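S.K.: Sharing a structure here in structure tokens format.
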Number of protein chains: 2
Amino acid sequence: MQQQFSSTLLENAVNEFAKLPGIGRKTALRLVLHLLKQPEEDVELFGNTCIQLRRDIRYCKVCHNISDTEVCHICANPGRDRETVCVVENVKDVMSVENTQQYRGLYHVLGGVISPMDGVGPKDLEIESLVERVSREHVKEVILALSTTMEGDTTNFYIFRKLAPLNIRITTIARGVAIGDELEYADEITLGRSILNRVDFTSSFKQ
Amino acid sequence: MQQQFSSTLLENAVNEFAKLPGIGRKTALRLVLHLLKQPEEDVELFGNTCIQLRRDIRYCKVCHNISDTEVCHICANPGRDRETVCVVENVKDVMSVENTQQYRGLYHVLGGVISPMDGVGPKDLEIESLVERVSREHVKEVILALSTTMEGDTTNFYIFRKLAPLNIRITTIARGVAIGDELEYADEITLGRSILNRVDFTSSFKQ
């Protein structure tokens with residue numbers, strides 16, 4: 001039911017919040033009433049931080065990750081392994097891989113996956129720049145770390161075909177039963193693939 | 001786990017969103033990445049709407065409801081019954097009662113309930129102004145519509161004592177088994193009270 005607002009300012013703010021994904025009108029109202037109780041400086045900081053983010057954000061010209069500078073701090077870090085590039089869908093995936101602290105190479109953010117249903121073709125993604133980058137720089141391995149959806153697999157295969165002539169190693173992250181999971185609850189495809197792609201017992205301890 | 005951000009702008013925005021009630025860091029990141037995908041004007045509108053709301057919001061000087069003007073549109077409406085005042089805790093409760101479209105009187109927003117545990121005493125609420133308003137204007141009935149918590153009951157009783165000498169009708173909203181609920185699942189106190197406060201069958205159809 002449409003709520004009655006006693007104030008246009010309030011109504012506008014609720015409308016703005018309700019545009020955010022996963023925020024309904026009730027939650028929007030709760031958030032707005034919370035903001036109203038905060039000191040004016042805090043709300044100004046909140047609003048200006050959003051505006052500044054959108055206005056000043058840049059994307060690394062090498063890997064297309066979010067960055068404050070022209071080249072992101074991962075690409076600019078001389079300590080990273082420059083011969084390995086991990087291809088991911090989006091900025092969140094870079095964070096997920098970084099949080100594992102197991103990867104010392106560089107990234108390449110595609111900006112999505114090929115999805116004809118959503119009107120996303122190879123030209124809408126950073127695939128051309130990946131191929132160009134791999135052929136220009138001394139990249140020895142490209143790790144494909146996309147979702148295991150139909151779209152992810154399509155994109156993987158498209159990239160694989162594009163990179164195949166360059167004679168580099170192309171790998172994909174291991175899929176298998178997650179650590180801590182019980183076999184009983186693993187789906188057949190995951191369990192089947194984890195049996196096919198089994199690894200030597202001793203190598204499973206490698207960090 | 002603390003996430004690694006590749007951008008200070010992004011981190012600041014996530015921190016700001018994570019301050020909102022019920023928004024964790026993961027949700028905050030999701031919302032911020034959503035904002036990043038929106039046109040710059042839209043994000044500016046979002047930020048400025050929040051700032052403007054906090055800066056320009058006013059509270060009705062009569063009933064303390066949120067308002068764009070000195071006197072809110074409910075208090076200023078000559079069609080409303082000026083002899084009945086419904087006392088509620090907050091702005092949200094005004095909306096809830098308005099949404100029923102069953103009430104044509106005025107409101108008085110207390111701004112909370114008496115809660116010694118949270119350090120909220122009668123002086124922190126708009127109780128004095130209620131008493132003053134009732135004695136000054138021709139109010140014939142005050143409806144107490146506070147929560148049925150210990151604090152709500154305490155506040156009800158405090159207001160009741162303050163208003164008792166003014167010789168007006170003081171009522172409270174009916175508590176009982178909600179429409180559509182089954183008796184089996186109603187709690188004993190609610191069901192007990194709804195039996196004690198039973199109404200004539202014919203009057204239960206009145207709108």
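Every chain in the structure tokens has a letter given in the order shown (A, B, ...), and although residue numbers restart at 1 in each chain, ligands are simply numbered from 1 in the order shown.
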Taking the DSSP assignment computed from this structure's backbone, write out as number ranges by chain all residues of segment 24-190 of chain A that belong to helix (DSSP H, G or I).
M.R.: A: 25-37, 40-56, 91-100, 116-118, 122-124, 127-136, 150-166, 183-185, 188-190
S.K.: Just want the 12 Å neighbourhood of Gln38 of chain B, counted on only C-alpha atoms, with same-chain residues fewer than 2 positions away dropped. Output as number ranges by chain.
M.R.: A: 19-21, 50-51, 53-55; B: 31-36, 40-46
S.K.: Can I get the selected residues back with N, CA, C and O atoms, as a JSON list (two decimals), in the first residue's frame?
M.R.:
```
[["chain", "number", "residue", "atom", "x", "y", "z"],
["A", 19, "LYS", "N", 14.99, 2.90, -4.52],
["A", 19, "LYS", "CA", 15.53, 2.53, -5.83],
["A", 19, "LYS", "C", 16.70, 1.55, -5.69],
["A", 19, "LYS", "O", 17.08, 0.90, -6.65],
["A", 20, "LEU", "N", 17.31, 1.50, -4.50],
["A", 20, "LEU", "CA", 18.47, 0.63, -4.30],
["A", 20, "LEU", "C", 18.02, -0.83, -4.34],
["A", 20, "LEU", "O", 16.90, -1.14, -3.93],
["A", 21, "PRO", "N", 18.88, -1.73, -4.81],
["A", 21, "PRO", "CA", 18.46, -3.12, -4.95],
["A", 21, "PRO", "C", 18.25, -3.78, -3.58],
["A", 21, "PRO", "O", 19.07, -3.61, -2.67],
["A", 50, "CYS", "N", 28.82, 9.53, -1.39],
["A", 50, "CYS", "CA", 28.20, 8.85, -2.53],
["A", 50, "CYS", "C", 28.47, 9.62, -3.82],
["A", 50, "CYS", "O", 28.86, 9.04, -4.84],
["A", 51, "ILE", "N", 28.26, 10.93, -3.76],
["A", 51, "ILE", "CA", 28.42, 11.77, -4.95],
["A", 51, "ILE", "C", 29.87, 11.73, -5.43],
["A", 51, "ILE", "O", 30.16, 11.53, -6.60],
["A", 53, "LEU", "N", 32.18, 9.49, -4.79],
["A", 53, "LEU", "CA", 32.52, 8.16, -5.31],
["A", 53, "LEU", "C", 32.19, 8.06, -6.79],
["A", 53, "LEU", "O", 33.03, 7.72, -7.61],
["A", 54, "ARG", "N", 30.94, 8.41, -7.11],
["A", 54, "ARG", "CA", 30.49, 8.26, -8.49],
["A", 54, "ARG", "C", 31.24, 9.19, -9.43],
["A", 54, "ARG", "O", 31.54, 8.83, -10.56],
["A", 55, "ARG", "N", 31.54, 10.40, -8.94],
["A", 55, "ARG", "CA", 32.17, 11.41, -9.78],
["A", 55, "ARG", "C", 33.65, 11.10, -10.02],
["A", 55, "ARG", "O", 34.17, 11.26, -11.12],
["B", 31, "LEU", "N", 25.30, -2.30, -2.45],
["B", 31, "LEU", "CA", 24.60, -1.05, -2.73],
["B", 31, "LEU", "C", 25.53, -0.04, -3.41],
["B", 31, "LEU", "O", 25.15, 0.64, -4.36],
["B", 32, "VAL", "N", 26.77, 0.02, -2.93],
["B", 32, "VAL", "CA", 27.73, 0.99, -3.49],
["B", 32, "VAL", "C", 28.05, 0.62, -4.94],
["B", 32, "VAL", "O", 28.10, 1.49, -5.81],
["B", 33, "LEU", "N", 28.25, -0.67, -5.20],
["B", 33, "LEU", "CA", 28.54, -1.07, -6.58],
["B", 33, "LEU", "C", 27.34, -0.80, -7.49],
["B", 33, "LEU", "O", 27.51, -0.49, -8.67],
["B", 34, "HIS", "N", 26.15, -0.89, -6.92],
["B", 34, "HIS", "CA", 24.95, -0.52, -7.69],
["B", 34, "HIS", "C", 24.98, 0.96, -8.04],
["B", 34, "HIS", "O", 24.75, 1.35, -9.19],
["B", 35, "LEU", "N", 25.30, 1.80, -7.05],
["B", 35, "LEU", "CA", 25.37, 3.25, -7.30],
["B", 35, "LEU", "C", 26.38, 3.56, -8.39],
["B", 35, "LEU", "O", 26.16, 4.42, -9.24],
["B", 36, "LEU", "N", 27.50, 2.83, -8.37],
["B", 36, "LEU", "CA", 28.56, 3.07, -9.35],
["B", 36, "LEU", "C", 28.08, 2.86, -10.78],
["B", 36, "LEU", "O", 28.59, 3.46, -11.72],
["B", 40, "GLU", "N", 25.68, 9.51, -13.38],
["B", 40, "GLU", "CA", 26.21, 10.43, -12.37],
["B", 40, "GLU", "C", 25.10, 11.33, -11.79],
["B", 40, "GLU", "O", 25.08, 11.58, -10.59],
["B", 41, "GLU", "N", 24.16, 11.79, -12.64],
["B", 41, "GLU", "CA", 23.08, 12.67, -12.15],
["B", 41, "GLU", "C", 22.24, 11.96, -11.11],
["B", 41, "GLU", "O", 21.82, 12.56, -10.12],
["B", 42, "ASP", "N", 21.98, 10.68, -11.34],
["B", 42, "ASP", "CA", 21.12, 9.92, -10.42],
["B", 42, "ASP", "C", 21.77, 9.81, -9.04],
["B", 42, "ASP", "O", 21.10, 9.92, -8.02],
["B", 43, "VAL", "N", 23.08, 9.58, -9.04],
["B", 43, "VAL", "CA", 23.77, 9.45, -7.76],
["B", 43, "VAL", "C", 23.83, 10.80, -7.06],
["B", 43, "VAL", "O", 23.69, 10.90, -5.84],
["B", 44, "GLU", "N", 24.00, 11.86, -7.86],
["B", 44, "GLU", "CA", 23.99, 13.21, -7.27],
["B", 44, "GLU", "C", 22.64, 13.51, -6.64],
["B", 44, "GLU", "O", 22.55, 14.07, -5.55],
["B", 45, "LEU", "N", 21.58, 13.12, -7.34],
["B", 45, "LEU", "CA", 20.23, 13.31, -6.82],
["B", 45, "LEU", "C", 20.06, 12.55, -5.51],
["B", 45, "LEU", "O", 19.55, 13.08, -4.52],
["B", 46, "PHE", "N", 20.55, 11.32, -5.50],
["B", 46, "PHE", "CA", 20.46, 10.50, -4.29],
["B", 46, "PHE", "C", 21.16, 11.19, -3.11],
["B", 46, "PHE", "O", 20.56, 11.39, -2.05]]
```
S.K.: Enter the distance from atom CA of Ile57 of chain B to atom CA of Glu89 of chain B, in Å, rounded to one decimal.
M.R.: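 Taking atom CA of Ile57 of chain B as the start and atom CA of Glu89 of chain B as the end point, the length is 18.6 Å.
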S.K.: Skip Val62 of chain B itself and residues of its chain fewer than 6 positions away, then list as a list in words all residues within 10 Å of it, counting only C-alpha atoms.
M.R.: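 Residues near the query, excluding close chain neighbours: Glu70, Val71, Cys72, Cys75, Ala76, Leu106, Tyr107, His108, Val109, Ser129, Leu130 and Arg133 of chain B.
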S.K.: When you look at Glu83 of chain A with a cut-off of 10 Å (counting only C-alpha atoms), what residues show up, excluding the ones that are within fewer than 2 positions of it in the same chain? I need them as a list in words.
M.R.: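 Everything that qualifies: Arg80, Asp81, Val85, Gly105, Leu106, Val134, Glu137, His138, Val139, Lys140, Glu141 and Val142 of chain A.
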S.K.: Take the residues that were just selected and, keeping N, CA, C and O atoms, output them as a compact mmCIF listing (two decimals), in the first residue's frame.
M.R.:
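Final file, part-v3.txt:
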```txt
# COMPACT_ATOMS: atom_id res chain seq x y z
N ARG A 80 54.11 -8.09 -7.43
CA ARG A 80 53.17 -9.08 -7.96
C ARG A 80 53.77 -9.81 -9.15
O ARG A 80 54.56 -9.24 -9.91
N ASP A 81 53.32 -11.03 -9.32
CA ASP A 81 53.77 -11.86 -10.44
C ASP A 81 53.09 -11.36 -11.72
O ASP A 81 51.89 -11.57 -11.92
N VAL A 85 47.74 -13.78 -15.15
CA VAL A 85 46.59 -12.89 -15.16
C VAL A 85 45.34 -13.72 -14.83
O VAL A 85 45.07 -14.73 -15.48
N GLY A 105 49.37 -12.86 -8.55
CA GLY A 105 49.45 -12.37 -9.93
C GLY A 105 48.60 -11.14 -10.14
O GLY A 105 48.21 -10.46 -9.19
N LEU A 106 48.30 -10.83 -11.38
CA LEU A 106 47.47 -9.68 -11.72
C LEU A 106 46.06 -10.13 -12.08
O LEU A 106 45.78 -11.33 -12.12
N VAL A 134 47.58 -9.62 -23.28
CA VAL A 134 48.33 -10.88 -23.18
C VAL A 134 49.37 -10.97 -24.28
O VAL A 134 50.50 -11.41 -24.05
N GLU A 137 52.18 -8.03 -23.41
CA GLU A 137 53.02 -8.22 -22.23
C GLU A 137 53.48 -9.67 -22.12
O GLU A 137 53.01 -10.54 -22.84
N HIS A 138 54.39 -9.92 -21.22
CA HIS A 138 54.94 -11.27 -21.10
C HIS A 138 54.10 -12.13 -20.17
O HIS A 138 54.57 -12.58 -19.14
N VAL A 139 52.86 -12.34 -20.55
CA VAL A 139 51.96 -13.16 -19.75
C VAL A 139 52.17 -14.62 -20.12
O VAL A 139 52.19 -14.97 -21.30
N LYS A 140 52.36 -15.45 -19.11
CA LYS A 140 52.61 -16.88 -19.38
C LYS A 140 51.40 -17.73 -19.05
O LYS A 140 51.28 -18.85 -19.54
N GLU A 141 50.54 -17.21 -18.15
CA GLU A 141 49.37 -18.02 -17.77
C GLU A 141 48.16 -17.12 -17.58
O GLU A 141 48.26 -16.06 -16.95
N VAL A 142 47.03 -17.55 -18.12
CA VAL A 142 45.77 -16.86 -17.88
C VAL A 142 44.87 -17.82 -17.11
O VAL A 142 44.62 -18.95 -17.56
```
S.K.: Quick one: everything within 7 Å of Asp68 of chain A, counting only C-alpha atoms, minus sequence neighbours fewer than 3 positions away in the same chain. Send it as a list in words.
M.R.: Ile57 and Arg58 of chain A; Ser7 and Thr8 of chain B
S.K.: Atom CA of Ile23 of chain A and atom CA of Asn12 of chain B are how many Å apart?
M.R.: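 These two atoms are separated by 20.7 Å.
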S.K.: Calculate how many Å separate atom CA of Tyr103 of chain A from atom CA of Ile168 of chain A, rounding to one decimal.
M.R.: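 Atom-to-atom, atom CA of Tyr103 of chain A to atom CA of Ile168 of chain A, that is 18.7 Å.
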S.K.: Give me every strand (DSSP E or B) residue in segment 38-166 of chain A, going by DSSP on the backbone, as a list of chain:residue names.
M.R.: A:Arg58, A:Tyr59, A:Ile66, A:Ser67, A:Asp81, A:Arg82, A:Glu83, A:Thr84, A:Val85, A:Cys86, A:Val87, A:Val88, A:Gly105, A:Leu106, A:Tyr107, A:His108, A:Val109, A:Ser115, A:Val120, A:Glu141, A:Val142, A:Ile143, A:Leu144
S.K.: Print the selection's residues with C-alpha atoms to a file, as a short mmCIF file (atom, residue, chain, number, x, y, z; two decimals), in the first residue's frame.
M.R.:
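Full text of again.cif as output:
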```cif
data_model
loop_
_atom_site.label_atom_id
_atom_site.label_comp_id
_atom_site.auth_asym_id
_atom_site.auth_seq_id
_atom_site.Cartn_x
_atom_site.Cartn_y
_atom_site.Cartn_z
CA ARG A 58 38.29 5.53 -12.03
CA TYR A 59 38.96 2.16 -13.50
CA ILE A 66 38.11 0.03 -9.52
CA SER A 67 40.92 2.39 -8.65
CA ASP A 81 53.77 -11.86 -10.44
CA ARG A 82 53.27 -10.08 -13.78
CA GLU A 83 53.27 -13.30 -15.80
CA THR A 84 49.94 -14.55 -14.46
CA VAL A 85 46.59 -12.89 -15.16
CA CYS A 86 43.39 -13.99 -13.43
CA VAL A 87 40.26 -13.19 -15.46
CA VAL A 88 37.20 -12.37 -13.33
CA GLY A 105 49.45 -12.37 -9.93
CA LEU A 106 47.47 -9.68 -11.72
CA TYR A 107 43.80 -9.46 -12.68
CA HIS A 108 41.65 -8.65 -15.66
CA VAL A 109 38.08 -7.54 -14.93
CA SER A 115 24.87 -13.33 -22.17
CA VAL A 120 25.70 -8.69 -23.56
CA GLU A 141 49.37 -18.02 -17.77
CA VAL A 142 45.77 -16.86 -17.88
CA ILE A 143 43.53 -18.22 -15.11
CA LEU A 144 39.83 -18.18 -15.97
#
```
S.K.: Which of these residues is nearest to chain A, using only C-alpha atoms: B:Ser135, B:Asn65, B:Ser147, B:Thr154?
M.R.: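 For chain A, the nearest of the candidates is B:Asn65.
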S.K.: Which residue is closest to chain B? Choose from A:Arg198, A:Arg104, A:His73, A:Lys123 and count only C-alpha atoms.
M.R.: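 Answer, going by the shortest atom-to-atom distance: A:His73.
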S.K.: Which neighbours of Val14 of chain B fall inside 9 Å, counting only C-alpha atoms, when residues of the same chain fewer than 5 positions from it are skipped, and could you give them as a ChimeraX atom specification?
M.R.: /B:9,19,25-32
S.K.: Neighbours of Glu151 of chain A within 12 Å (only C-alpha atoms; same-chain residues fewer than 3 positions away dropped), as a list in words?
M.R.: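 After dropping sequence-adjacent residues, the list is Glu89, Gly112, Val113, Ile114, Ser115, Pro116, Met117, Asp118, Gly119, Val120, Gly121, Pro122, Leu146, Ser147, Thr148, Thr154, Thr155, Asn156, Phe157 and Tyr158 of chain A.
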